[in-house]
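**Student:** Supplied structure: structure-v6.txt, compact mmCIF, C-alpha atoms.
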# COMPACT_ATOMS: atom_id res chain seq x y z
CA MET A 1 70.13 134.54 126.63
CA GLY A 2 73.14 135.11 128.86
CA ARG A 3 73.59 131.43 129.51
CA VAL A 4 73.42 130.59 125.81
CA ASP A 5 76.30 132.98 125.13
CA LYS A 6 78.36 131.58 127.98
CA ASP A 7 78.40 127.94 126.94
CA ILE A 8 81.41 128.19 124.66
CA CYS A 9 81.81 124.42 124.21
CA VAL A 10 78.34 124.13 122.70
CA THR A 11 79.09 127.10 120.45
CA VAL A 12 82.29 125.41 119.22
CA SER A 13 80.50 122.11 118.53
CA GLU A 14 77.68 123.82 116.69
CA THR A 15 80.01 126.02 114.67
CA VAL A 16 82.07 123.02 113.55
CA SER A 17 78.87 121.08 112.88
CA ASP A 18 77.62 123.94 110.66
CA ALA A 19 80.95 124.29 108.88
CA LEU A 20 81.15 120.57 108.09
CA ASP A 21 77.41 120.34 107.47
CA GLU A 22 77.24 117.32 109.76
CA PRO A 23 74.98 116.70 112.78
CA VAL A 24 76.60 117.26 116.18
CA ASP A 25 76.09 113.57 117.00
CA ALA A 26 78.40 112.63 114.15
CA LEU A 27 81.29 114.70 115.55
CA PRO A 28 83.81 113.19 117.98
CA PRO A 29 83.55 114.42 121.60
CA LEU A 30 85.03 117.89 121.96
CA PHE A 31 86.44 116.72 125.29
CA ASP A 32 88.86 114.45 123.40
CA ALA A 33 90.29 117.48 121.60
CA ILE A 34 90.66 119.94 124.50
CA ASP A 35 90.02 120.24 128.24
CA THR A 36 86.51 121.65 127.97
CA ASP A 37 86.42 122.98 131.55
CA GLY A 38 89.57 124.92 130.78
CA LEU A 39 88.15 126.24 127.54
CA ALA A 40 84.97 127.39 129.30
CA SER A 41 86.91 129.16 132.06
CA MET A 42 88.89 131.14 129.50
CA VAL A 43 85.80 132.95 128.23
CA THR A 44 85.12 136.19 130.07
CA ASN A 45 83.37 139.51 129.62
CA ASP A 46 86.47 141.30 130.86
CA ARG A 47 88.01 142.84 127.74
CA SER A 48 91.36 143.43 129.47
CA HIS A 49 91.98 139.67 129.55
CA ASP A 50 92.53 138.96 125.90
CA VAL A 51 93.15 135.23 125.48
CA THR A 52 93.05 133.20 122.30
CA VAL A 53 93.10 129.40 122.15
CA THR A 54 93.69 127.39 119.00
CA PHE A 55 93.26 123.66 118.65
CA SER A 56 92.35 121.08 116.05
CA TYR A 57 89.07 119.23 116.20
CA ALA A 58 87.23 117.04 113.71
CA GLY A 59 89.63 118.02 110.92
CA MET A 60 89.16 121.72 111.60
CA ARG A 61 91.43 124.37 113.07
CA VAL A 62 89.33 126.00 115.82
CA LEU A 63 90.20 129.41 117.23
CA VAL A 64 88.36 130.66 120.31
CA ARG A 65 88.78 134.16 121.72
CA SER A 66 87.99 135.06 125.30
CA ASP A 67 85.16 137.33 124.08
CA SER A 68 83.35 134.13 122.88
CA THR A 69 84.21 134.60 119.21
CA VAL A 70 84.75 131.27 117.45
CA TYR A 71 86.48 130.82 114.10
CA VAL A 72 86.82 127.51 112.30
CA ASP A 73 88.96 126.70 109.28
CA PRO A 74 89.76 123.42 107.56
CA LEU A 75 93.13 122.12 108.76
CA ARG A 76 95.91 122.91 106.33
CA THR A 77 98.74 120.56 107.11
CA ALA A 78 101.41 118.64 105.28
CA ARG A 79 100.77 115.56 107.42
CA SER A 80 99.49 112.81 105.18
CA ASP A 81 97.21 111.30 107.83
CA SER A 82 95.03 114.42 107.93
CA LEU A 83 94.85 114.93 104.19
CA ASP A 84 91.48 113.25 103.89
CA ASN A 85 90.06 115.76 106.37
CA CYS A 86 91.18 118.75 104.38
CA VAL A 87 89.36 118.02 101.13
CA MET B 1 90.89 97.34 129.84
CA THR B 2 93.01 97.81 126.72
CA VAL B 3 90.98 100.80 125.58
CA TYR B 4 91.14 102.21 129.06
CA ALA B 5 94.93 101.86 129.22
CA SER B 6 95.54 103.49 125.87
CA ARG B 7 93.23 106.35 126.77
CA TRP B 8 95.17 107.00 129.94
CA ASN B 9 98.48 106.63 128.19
CA ARG B 10 97.57 109.40 125.86
CA HIS B 11 96.38 111.81 128.54
CA ALA B 12 98.43 111.26 131.62
CA GLY B 13 100.93 108.51 131.12
CA LEU B 14 101.20 104.95 132.31
CA VAL B 15 102.27 105.93 135.84
CA LEU B 16 98.88 107.44 136.58
CA LEU B 17 97.14 104.34 135.31
CA THR B 18 99.17 102.12 137.61
CA MET B 19 98.55 104.38 140.58
CA ARG B 20 94.86 104.39 139.92
CA SER B 21 94.62 100.64 139.52
CA GLU B 22 96.35 100.13 142.84
CA THR B 23 94.15 102.42 144.86
CA GLY B 24 91.03 101.54 142.86
CA SER B 25 89.20 104.69 143.88
CA LEU B 26 88.88 108.26 142.70
CA THR B 27 91.25 110.84 144.15
CA PRO B 28 89.75 113.86 145.97
CA ASP B 29 91.13 116.09 143.19
CA SER B 30 89.27 114.23 140.47
CA VAL B 31 86.07 114.00 142.51
CA PHE B 32 85.99 117.76 143.10
CA GLU B 33 86.85 118.40 139.47
CA LEU B 34 83.92 116.23 138.45
CA LEU B 35 81.61 117.95 140.94
CA SER B 36 82.73 121.43 139.92
CA ASN B 37 80.09 121.58 137.20
CA HIS B 38 76.37 121.71 137.98
CA ARG B 39 75.43 119.68 134.91
CA ARG B 40 77.71 116.83 135.94
CA ARG B 41 76.20 116.96 139.43
CA MET B 42 72.75 116.74 137.91
CA VAL B 43 73.79 113.80 135.73
CA LEU B 44 75.01 112.02 138.86
CA TYR B 45 71.82 112.83 140.70
CA TYR B 46 69.44 111.64 137.97
CA LEU B 47 71.44 108.48 137.25
CA ARG B 48 71.58 107.70 140.97
CA ARG B 49 67.85 108.25 141.34
CA SER B 50 66.88 106.12 138.36
CA GLY B 51 69.30 103.33 139.31
CA GLU B 52 69.48 102.11 135.73
CA SER B 53 70.40 103.28 132.23
CA ILE B 54 68.91 106.56 130.99
CA GLY B 55 68.88 107.83 127.40
CA ILE B 56 71.05 110.90 126.87
CA GLN B 57 68.12 112.72 125.25
CA GLN B 58 65.96 112.04 128.29
CA LEU B 59 68.74 113.10 130.66
CA ALA B 60 69.25 116.33 128.70
CA ALA B 61 65.53 117.09 128.77
CA ARG B 62 65.35 116.70 132.56
CA ILE B 63 68.37 118.91 133.14
CA ALA B 64 67.12 121.54 130.67
CA SER B 65 63.78 121.48 132.50
CA VAL B 66 65.45 122.30 135.85
CA GLU B 67 67.75 124.94 134.34
CA ASN B 68 65.02 126.74 132.46
CA ASP B 69 62.42 126.18 135.16
CA VAL B 70 59.79 124.83 132.75
CA PRO B 71 58.17 121.36 132.54
CA VAL B 72 59.86 118.87 130.19
CA ASP B 73 57.02 118.99 127.64
CA GLU B 74 57.22 122.80 127.37
CA LEU B 75 60.93 122.93 126.52
CA THR B 76 61.89 124.42 123.17
CA SER B 77 64.05 122.26 120.90
CA GLN B 78 66.85 124.82 121.27
CA GLN B 79 66.78 124.50 125.08
CA ARG B 80 66.98 120.70 124.81
CA LYS B 81 69.66 120.75 122.17
CA ARG B 82 71.96 123.10 124.09
CA VAL B 83 72.03 120.76 127.08
CA TYR B 84 72.21 117.64 124.91
CA VAL B 85 75.24 118.91 122.98
CA SER B 86 76.96 120.00 126.17
CA LEU B 87 76.40 116.58 127.78
CA TYR B 88 77.29 114.59 124.69
CA GLN B 89 80.35 116.62 123.70
CA THR B 90 81.91 117.53 127.03
CA HIS B 91 80.46 116.26 130.31
CA LEU B 92 79.65 112.61 129.56
CA PRO B 93 83.03 111.92 127.89
CA LYS B 94 84.74 113.44 130.93
CA MET B 95 82.70 111.32 133.33
CA ALA B 96 83.32 108.24 131.20
CA GLU B 97 87.05 108.89 131.25
CA MET B 98 86.96 109.03 135.04
CA ASP B 99 85.17 105.69 134.84
CA THR B 100 82.16 106.93 136.81
CA ILE B 101 79.63 106.31 134.03
CA GLU B 102 79.29 103.78 131.21
CA TYR B 103 78.21 104.99 127.83
CA ASP B 104 76.41 102.61 125.50
CA LYS B 105 76.86 104.09 122.05
CA GLU B 106 74.36 101.80 120.31
CA SER B 107 71.39 102.57 122.53
CA GLY B 108 72.56 106.12 123.36
CA THR B 109 72.20 105.48 127.09
CA VAL B 110 74.39 106.02 130.14
CA ARG B 111 74.50 104.42 133.57
CA LEU B 112 76.59 104.79 136.72
CA THR B 113 79.51 102.48 137.42
CA GLU B 114 80.45 101.17 140.85
CA ARG B 115 83.26 103.70 141.00
CA ALA B 116 80.63 106.45 141.17
CA ASP B 117 79.91 105.32 144.74
CA ASP B 118 83.24 106.91 145.73
CA ILE B 119 81.69 110.32 145.03
CA ASP B 120 78.91 109.91 147.61
CA ALA B 121 81.34 110.50 150.47
CA TYR B 122 81.90 114.03 149.15
CA LEU B 123 78.25 114.99 148.77
CA THR B 124 76.19 116.66 151.45
CA THR B 125 72.54 115.85 151.24
CA SER B 126 71.18 118.46 153.60
CA ASP B 127 72.31 121.51 155.56
CA ARG B 128 69.56 120.88 158.12
CA GLN B 129 70.59 120.17 161.69
CA THR B 130 70.51 116.41 162.12
CA TYR B 131 69.64 114.65 165.35
CA PRO B 132 72.72 114.42 167.67
CA TRP B 133 73.03 110.65 167.70
CA ARG B 134 76.39 110.58 169.46
CA PHE B 135 74.93 112.54 172.38
CA HIS B 136 71.86 110.30 172.34
CA TYR B 137 73.97 107.15 172.69
CA LEU B 138 76.11 108.75 175.41
CA LEU B 139 73.01 109.56 177.48
CA LEU B 140 71.63 106.09 176.82
CA ALA B 141 74.86 104.47 178.04
CA ILE B 142 74.94 106.62 181.21
CA ALA B 143 71.26 105.92 181.96
CA ALA B 144 71.60 102.17 181.36
CA THR B 145 74.71 101.92 183.55
CA THR B 146 73.05 103.90 186.37
CA VAL B 147 69.91 101.75 186.26
CA LEU B 148 71.79 98.43 186.20
CA ILE B 149 74.23 99.43 188.98
CA SER B 150 71.32 100.69 191.11
CA SER B 151 69.58 97.38 190.55
CA ALA B 152 72.70 95.41 191.50
CA LEU B 153 73.13 97.50 194.69
CA ASN B 154 69.42 97.08 195.54
CA VAL B 155 68.82 100.83 195.69
CA PRO B 156 65.20 101.55 196.74
CA VAL B 157 62.65 101.71 193.86
CA PHE B 158 65.02 99.63 191.63
CA ASP B 159 64.87 96.66 194.02
CA VAL B 160 61.16 96.10 193.32
CA VAL B 161 61.71 95.59 189.57
CA PRO B 162 63.50 92.34 188.56
CA THR B 163 66.94 92.87 186.93
CA SER B 164 65.86 90.91 183.86
CA VAL B 165 63.08 93.44 183.20
CA LEU B 166 65.55 96.34 183.52
CA VAL B 167 67.98 94.63 181.12
CA ALA B 168 65.14 94.07 178.67
CA CYS B 169 64.21 97.77 178.88
CA VAL B 170 67.81 98.79 178.12
CA LEU B 171 67.95 96.42 175.13
CA VAL B 172 64.66 97.77 173.77
CA ALA B 173 65.96 101.35 174.10
CA VAL B 174 69.17 100.47 172.22
CA ALA B 175 67.30 98.60 169.49
CA GLY B 176 64.82 101.46 169.13
CA SER B 177 67.66 103.99 168.74
CA VAL B 178 69.36 101.86 166.08
CA VAL B 179 66.13 101.47 164.12
CA GLY B 180 65.46 105.21 164.39
CA GLN B 181 68.93 106.11 163.17
CA TYR B 182 68.72 103.63 160.28
CA TRP B 183 65.34 105.01 159.24
CA GLN B 184 66.70 108.56 159.28
CA ILE B 185 69.70 107.61 157.10
CA GLN B 186 67.45 105.82 154.61
CA ASN B 187 65.20 108.87 154.33
CA ARG B 188 68.11 111.23 153.93
CA GLU B 189 69.38 109.30 150.91
CA GLU B 190 66.17 110.02 149.06
CA GLU B 191 66.40 113.76 149.56
CA ILE B 192 67.48 116.02 146.74
CA PRO B 193 71.15 116.92 147.26
CA ILE B 194 71.69 120.44 148.56
CA GLU B 195 73.79 121.16 145.46
CA LEU B 196 70.66 120.87 143.35
CA THR B 197 68.03 122.42 145.62
CA GLN B 198 70.13 125.58 145.81
CA TYR B 199 70.69 125.57 142.08
CA GLU B 200 70.90 129.08 140.70
CA ARG B 201 72.49 130.54 137.66
Represent the supplied structure as C-alpha cells.
**Tutor:**
Amino acid sequence: MGRVDKDICVTVSETVSDALDEPVDALPPLFDAIDTDGLASMVTNDRSHDVTVTFSYAGMRVLVRSDSTVYVDPLRTARSDSLDNCV
Amino acid sequence: MTVYASRWNRHAGLVLLTMRSETGSLTPDSVFELLSNHRRRMVLYYLRRSGESIGIQQLAARIASVENDVPVDELTSQQRKRVYVSLYQTHLPKMAEMDTIEYDKESGTVRLTERADDIDAYLTTSDRQTYPWRFHYLLLAIAATTVLISSALNVPVFDVVPTSVLVACVLVAVAGSVVGQYWQIQNREEEIPIELTQYER
C-alpha cells in the first residue's frame, strides 16, 4: 500500500482522468506538463516541509501538496485558446 | 527532426539542441538522470533483452511482476494499471525526449534507439570479481619472452625443442586467452544488471 501512496504522478493522472471522465490513455503525457521526477521528489511524509505545487495539465489546474493531496479544478482563464477546455 | 527541434526549443532552447547534435551522444548528467529511476532502468533492461519492439502493456506487466514479486498472470488489474500509467505518463515520454526510445503510438509499442547504446558504458553488470586479464596477459608476455630468448640462446632443455614449436605454443596461448576473454564478455552481457538483481523497495 505504501508504494501506491508514494507514486504521486499516477495519482495526478488518475485524478484528472476521473475529473474529466476520460481514460488515462486519452490524456497527454504528464511529463509534458511538469518535470515528473521533480514532482515525485516533492512528496514527503515529513510534515515540517510543507510544499505546494500548482500547474496546468489537460485543461485542468492541478494542485499537489507535499502530503500527497491532489486537487484538480477546471482552468479558469481569460485566454481564448483555453476556452474550449473550460466548458 | 522538425518535431525534435521544436520540442527542444520549448524545453531548453536552441543552444542545447545544437550542442547535442554536435556531440551526438548523451551527457553523463542526462544518463544518470535517466538511470535514477528503477522503472526506467527496467524498461532499458527489458527492451535490451528483447531486442525489438515491446507493447507498453506487456512491458508494464513484466515490471509490475518484478515489483510485486508475483507471476505476470497473477497480477491484479490495479497492479498492472499503476505501472502502465506511470510508464505511459511519465517515464516513456522522458526517455523518448532523450531520444533513447522510439514510441509508436499506433501500435502502442516502444523500442530502443541507437542512442541508448551510450547508456551501456554507465551500467555495471556484476559486482563479482572478474578474472584479472591484464595480469594474465602480463604473465603471458613475460613467459613467452623468457621461452623465446632461452631458445635463441640455446639454453639447455629449450635447445631440444625446435623454435617453431615454441612460437606455435606461444601463439596458441595468446589465441586461447583472447577466446576465453571474448567468451567471458559475451556471457556477462546476458547477465541481469546488478541494478535489477538488487532491486528492493
**Student:** Can you measure atom CA of Ile101 of chain B to atom CA of Ala116 of chain B for me? One decimal in Å is fine.
**Tutor:** 7.2 Å
**Student:** Of the candidates B:Trp133, B:Gln186, B:Gln181, B:Leu112, which one gets nearest to Ser50 of chain B if we count all atoms listed in the file?
**Tutor:** B:Leu112
**Student:** So how many Å separate atom CA of Ile8 of chain A and atom CA of Ser68 of chain A, to one decimal?
**Tutor:**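 So the two atoms, atom CA of Ile8 of chain A and atom CA of Ser68 of chain A, lie 6.5 Å apart.
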**Student:** In Å to one decimal, how far is atom CA of Arg41 of chain B from atom CA of Glu114 of chain B?
**Tutor:** 16.4 Å
**Student:** Name the closest residue to Lys81 of chain B among the candidates B:Lys94, B:Arg62, B:Arg111, B:His136; distances are taken between atoms, counting all atoms listed in the file.
**Tutor:**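 Once distances to Lys81 of chain B are computed over all atoms listed in the file, the minimum belongs to B:Arg62.
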**Student:** Within 8 Å of chain B, which residues of chain A show up when using all atoms listed in the file, listed as a list of chain:residue names?
**Tutor:**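 So the residues of chain A near chain B are A:Val4, A:Cys9, A:Val10, A:Ser13, A:Val24, A:Asp25, A:Pro28, A:Pro29, A:Leu30, A:Phe31, A:Asp32, A:Thr36.
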**Student:** Which polymer residues have any atom within 6 Å of an atom of Arg65 of chain A, counting all atoms listed in the file, with same-chain residues fewer than 3 positions away left out, as an MDAnalysis selection string?
**Tutor:** chainID A and resid 51:52 68:69
**Student:** Taking 5 positions as the minimum chain separation for residues in the same chain, which residues sit within 10 Å of Val174 of chain B when counting all atoms listed in the file? Answer as a ChimeraX atom specification.
**Tutor:** /B:137,140-141,144,168-169,179-180
**Student:** Would you be able to write out as a PyMOL selection string which residues have an atom within 12 Å of (95.2, 126.9, 119.0) in the file's coordinates, counting all atoms listed in the file?
**Tutor:** chain A and resi 33-34+39+51-57+60-65+70-73+75
**Student:** Save the residues we just selected, C-alpha atoms, as a PDB file, keeping the file's coordinate frame?
**Tutor:**
ATOM      1  CA  ALA A  33      90.290 117.480 121.600  1.00  0.00           C
ATOM      2  CA  ILE A  34      90.660 119.940 124.500  1.00  0.00           C
ATOM      3  CA  LEU A  39      88.150 126.240 127.540  1.00  0.00           C
ATOM      4  CA  VAL A  51      93.150 135.230 125.480  1.00  0.00           C
ATOM      5  CA  THR A  52      93.050 133.200 122.300  1.00  0.00           C
ATOM      6  CA  VAL A  53      93.100 129.400 122.150  1.00  0.00           C
ATOM      7  CA  THR A  54      93.690 127.390 119.000  1.00  0.00           C
ATOM      8  CA  PHE A  55      93.260 123.660 118.650  1.00  0.00           C
ATOM      9  CA  SER A  56      92.350 121.080 116.050  1.00  0.00           C
ATOM     10  CA  TYR A  57      89.070 119.230 116.200  1.00  0.00           C
ATOM     11  CA  MET A  60      89.160 121.720 111.600  1.00  0.00           C
ATOM     12  CA  ARG A  61      91.430 124.370 113.070  1.00  0.00           C
ATOM     13  CA  VAL A  62      89.330 126.000 115.820  1.00  0.00           C
ATOM     14  CA  LEU A  63      90.200 129.410 117.230  1.00  0.00           C
ATOM     15  CA  VAL A  64      88.360 130.660 120.310  1.00  0.00           C
ATOM     16  CA  ARG A  65      88.780 134.160 121.720  1.00  0.00           C
ATOM     17  CA  VAL A  70      84.750 131.270 117.450  1.00  0.00           C
ATOM     18  CA  TYR A  71      86.480 130.820 114.100  1.00  0.00           C
ATOM     19  CA  VAL A  72      86.820 127.510 112.300  1.00  0.00           C
ATOM     20  CA  ASP A  73      88.960 126.700 109.280  1.00  0.00           C
ATOM     21  CA  LEU A  75      93.130 122.120 108.760  1.00  0.00           C
TER      22      LEU A  75
END
**Student:** I'd like the neighbourhood of Leu35 of chain B as a list of chain:residue names, where a residue qualifies if any of its atoms comes within 10 Å (using all atoms listed in the file), though same-chain residues fewer than 3 positions away should be ignored.
**Tutor:**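 With the cut-off at 10 Å, the set is B:Asp29, B:Ser30, B:Val31, B:Phe32, B:His38, B:Arg39, B:Arg40, B:Arg41, B:Met42, B:Leu44, B:Ile119, B:Tyr122, B:Leu123, B:Glu195.
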**Student:** So, with all atoms listed in the file as the atoms that count, which of B:Asn187, B:Thr109, B:Thr130, B:Ser150 lies closest to Ile54 of chain B?
**Tutor:** B:Thr109
